[in-house]
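Novice: If you scroll down you'll find the structure; I have some questions about it.
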Amino acid sequence: MADPTLRTGRLRWSESAHRHKDDDFMASHLTQKTQSDARLKLPIYFLLDTSTSMQYGGRIDAINSIPPAVRKAARQDPVIDAKTRFCYITMNDTAQVVAPLAPGGDDIQLDLEPKGLTNYTAAFELLRKTFIADFHTLNEANTGTHRPVIIFITDGEPTCDATERKRAFDALMAVADWAPRIVMFGVGPEVTHETLDQYTGPKGFSVVCRDEPGRTSAEYITTMLSTFIQTVVDNIGGAPAQKPLDTGTEAGNDDVDDPFMHAVMQAFRDDDLLGRALGE
């Protein structure tokens, strides 16, 4: 069995990002109350590309099928409903939250239609704002949160300005202790590792799946979701951060000594269907 086309990101943040006034806000406000591991929630954000090219190969239908699959899994396994929260965000010319952070067992239905371009900048900006708001909500509810996970499913190269895109991504990742784990899941013929690897951050990785005889890239989306959910159940949340946020924290912990991400990466490697994915 061949390994899927999977890579681990090892990017560092610039000093200027740490000094940004918005990052100071994050650092001073995203200080988690002390909670036991049993109370912490794992926030999972599905960032879904709904640009025009997603109409091909059944990819938009695969995207629409994600919430029902999550709901079924959560209702069958109480661990998912008790320990995770899911949010769905779409991206094309703009980005919007189509279903806010909630238990996986909630009845979420998507009826998305592909349109527009591929604006990563808008997605990264909205993710950052949404994450801050959700952090406060979970913290004030006396539950607290693990480091968030972003599953970014896309089939295209970004069409937004490169400078603005980098600025938005650096802002999202600026605070090392709480920078999200990002799985960049590329499907279809256009998206490349060269693009995706720029946006995995130090805790994530990228996977590229091509259409091939007998299996479409849309079917890989379904397989990826099943694999990921099972990994969450088996390794819920990993280890929480052990200290408050600090803008002075270097991003030097960009190693892969992270039990949760190790488990996710191994699950992708071991999956027979994903293992057949074609890469660059």
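Quick note on naming: the chains in the structure tokens go A, B, ... in the order shown, residues restart at 1 in each chain, and ligands are numbered from 1 in order of appearance.
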Please provide as a count of residues only all residues within 7 Å of Val183 in chain A, with the sequence filter that same-chain residues fewer than 5 positions apart are discarded (counting only C-alpha atoms).
Specialist: 7
Novice: Please provide the set of residues having any atom within 9 Å of Gly156 in chain A, restricted to only C-alpha atoms, with same-chain residues fewer than 2 positions apart removed, written as a list in words.
Specialist: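 The residues satisfying every condition are Asp49, Ser51, Ser53, Met54, Leu117, Thr118, Thr154, Pro158, Thr159, Gly186, Val187, Gly188, Pro189, Glu190, Val191 and Thr192 of chain A.
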Novice: Env of Ala73 in chain A: 12 Å cut, atoms = only C-alpha atoms, seq-sep filter 3 positions within chain, self excluded. Answer as a PyMOL selection string.
Specialist: chain A and resi 66-70+76-81+84+103-106+225-230+232-233
Novice: Go through range 6-241 of chain A and collect every residue that DSSP, computed from the backbone, puts in strand (DSSP E or B); the answer should be as an NGL selection string.
Specialist: :A and (6-8 or 41-49 or 84-91 or 95-102 or 145 or 149-154 or 181-187 or 205-209 or 212 or 215)
Novice: Could you jot down the CA of Thr130 in chain A to CA of Asp111 in chain A separation for me, Å, one decimal place?
Specialist: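 So the answer is 21.6 Å.
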Novice: Report as a VMD selection string: the residues of range 127-231 of chain A with a DSSP assignment of helix (DSSP H, G or I), based on the backbone of this structure.
Specialist: chain A and resid 127 to 140 162 to 172 176 to 178 193 to 199 217 to 231
Novice: Quick check, in Å to one decimal: how far apart do CA of Asp107 in chain A and CA of Ala62 in chain A lie?
Specialist: 17.3 Å
Novice: Which of these residues is nearest to Ser217 in chain A, using only C-alpha atoms: A:Pro100, A:Ile63, A:Pro114, A:Phe46?
Specialist: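 Once distances to Ser217 in chain A are computed over only C-alpha atoms, the minimum belongs to A:Ile63.
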Novice: What is the distance between CA of Arg39 in chain A and CA of Lys83 in chain A, in Å to one decimal?
Specialist: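 Distance reported for this atom pair: 7.8 Å.
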Novice: Report as a PyMOL selection string all protein, DNA and RNA residues lying within 12 Å of Ile182 in chain A, evaluated on only C-alpha atoms, omitting residues in the same chain fewer than 3 positions from it.
Specialist: chain A and resi 7-10+44-47+124+127+147-153+169+172-173+178-179+185+196-207+261+264-265
Novice: For Leu138 in chain A, list every protein, DNA or RNA residue within 10 Å, evaluated using only C-alpha atoms, and leave out those in the same chain fewer than 4 positions away; present the list as a count of residues only.
Specialist: 12
Novice: Which is closer to Ala122 in chain A than all the others in A:Cys160, A:Val175, A:Cys87, A:Ala99, using only C-alpha atoms?
Specialist: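 Of A:Cys160, A:Val175, A:Cys87, A:Ala99, the one nearest Ala122 in chain A is A:Cys160, counting only C-alpha atoms.
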Novice: For His146 in chain A, which of A:Ala82, A:Leu48, A:Tyr220, A:Pro180 is the closest residue, counting only C-alpha atoms?
Specialist: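 Ranked by minimum distance to His146 in chain A, first place goes to A:Pro180.
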Novice: Pick the closest to Arg210 in chain A from A:Asp155, A:Asp170, A:Glu164, A:Glu125: which is it, counting only C-alpha atoms?
Specialist: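 Ranked by minimum distance to Arg210 in chain A, first place goes to A:Asp155.
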